[in-house]
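Below is one structure, written out as structure tokens; comments come after it.
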Amino acid sequence: MKLRRNCSLLFLCSLYLVACNRSDDDGSSPDIGIETIRSLGGSNNERAESLISTNDGGYAILGYTQSNDGDITGKNDTSFDYWILKYNAQGLLEWQKTLGGSANDRGRELIQTSDGGYALIGSSFSVDGDLSENAGQADLWLVKLNGSGQIMWQHSYGFAGNDEGTALIQTIDQGYLITGVLDVTGSEGEGNTSRTQQRHAGGDYWALKLDVSGLLEWSRYYGGNFTDTPEGVVQTSDGGFVIAGGSDSEDTDITANIGTYDFWVVRIAPNGDLVWERSYGGTEIDEAKAIIPSEDGNFVIAGTTRSSNVMVGNNNGAADVWLIKIDQNGELIWEESYGGSSFDSAQDLYRLEDGYLITGSSRSADGDLSQNKGQNDIWLFKVDFNGALQWSKSIGGSSIDVGYSIASLNDGAIICVGETSSDDGDVEENKGFTDLIKIVLK
């Protein structure tokens, strides 16, 4: 582990599935083996974006589907819709739903709410079907479901441009904080409440605080004149929030851009006021994809780096997974890079009792990886609380396979979900173009 100096610089039974039992073919972990790998989908395109363990010991998956055949039920057309699947503690499918209208609607993240239901966020171009309104092109679309998947309410948020939802949490007051990308050019500066008006441009971090019924309490945006994309949010002990993502701006709210894209992290007060903002990375492209609270009350952030300087102490090849830990004030505590000599990236991060799980993709067959089965393989690995690598697994076939979300269940199983274009190697069937893939490790 590389300690850093003060760096103010800074993924059915009722449906037919193909399942393949696998042994641990990496030789990288004697304790964790691959139990099942399953492809889900129809004749077009599917992807899993978000996975959560549920309070009944099962799990739920959110993504999107373009198909109306195969494993997808209750869908009539071939436009993209949100696709949510709920599994019980035995891994059996309890129900699935497609949600949306006649245009392009793609689910991005889900949470289980305190009433046992679910809240889903993503983007939508539709103004029919399950949607009651659309303000422009794409809107950020929030859907509240009950425990059996029935819509309780839904709201669209947006302006004339392309606005999308990226992350969602339920807040301590039982409301919601959602983040997304606001097309500030398309909104002509609208989207801020109770803040001195500043004309940004392009896409900005967008934070919306909602009450328990999804009614807007406040809306703020943060960023500069280029591309600022939030990917994750956590609530702090004082009721505020920390948002992490990537930015290539170097003006307005960004005061210390290091080079090209940086990890950009903002802390905001309970009312949305900006408390502090920090950039992390080196002189190449660095983009954060997930943030979670650490075991000691700080924050851990995972993403991808192409840098090998400034804050990035090591780079194994073209691109690495980069994991950083920061304190409550944004000071860097430690950083670590993982990967091989080719392109390796992170998409999600999950905290266990004794460390962190990370998933993404890899093209490497050296360094921290022992093999590559095609193009991008799904890569999942575990590190301890100090960032030391514990085990590593590559799963895939000869085409593109990516892990987008990872979680652990009460029985110790690890679930990873994402998308696959392969029909060989570890993936025995592809049902269309891309399929949703679900991997179970035990």
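We name chains A, B, ... following the order of the structure tokens; residues begin at 1 in each chain, and ligands are numbered from 1 as shown.
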What's around stretch 171-179 of chain A at 8 Å? Count only C-alpha atoms, leave out sequence neighbours fewer than 6 positions away in its own chain, and write the answer as a list in words.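 So, after excluding close chain neighbours, the residues are Ser114, Gly165, Tyr205, Trp206, Ala207, Leu208, Lys209, Leu210, Asp211, Val212, Ser213, Gly214, Pro230, Glu231, Gly232, Val233, Gln235 and Gly239 of chain A.
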I need the residues in stretch 175-374 of chain A that are strand (DSSP E or B) according to DSSP; give them as a ChimeraX atom specification. /A:176-183,203-210,216-222,227-235,241-247,262-268,274-280,286-293,299-305,319-326,332-338,343-351,356-362
In terms of the shortest atom-to-atom distance over only C-alpha atoms, which of A:Leu441, A:Leu142, A:Ala244, A:Ile285 is closest to A:Leu215?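 For A:Leu215, the nearest of the given residues is A:Leu142.
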From the set A:His155, A:Arg38, A:Arg220, A:Arg108, which residue has the shortest atom-to-atom contact distance to A:Leu168, counting only C-alpha atoms? A:Arg108
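Near A:Thr236, within a cut-off of 10 Å and counting only C-alpha atoms, sit the residues Thr171, Ile172, Gly240, Phe241, Val242, Arg267, Ile268, Ala269, Pro270, Pro293, Gly297, Asn298, Phe299 and Gln328 of chain A, with same-chain residues fewer than 4 positions away left out.
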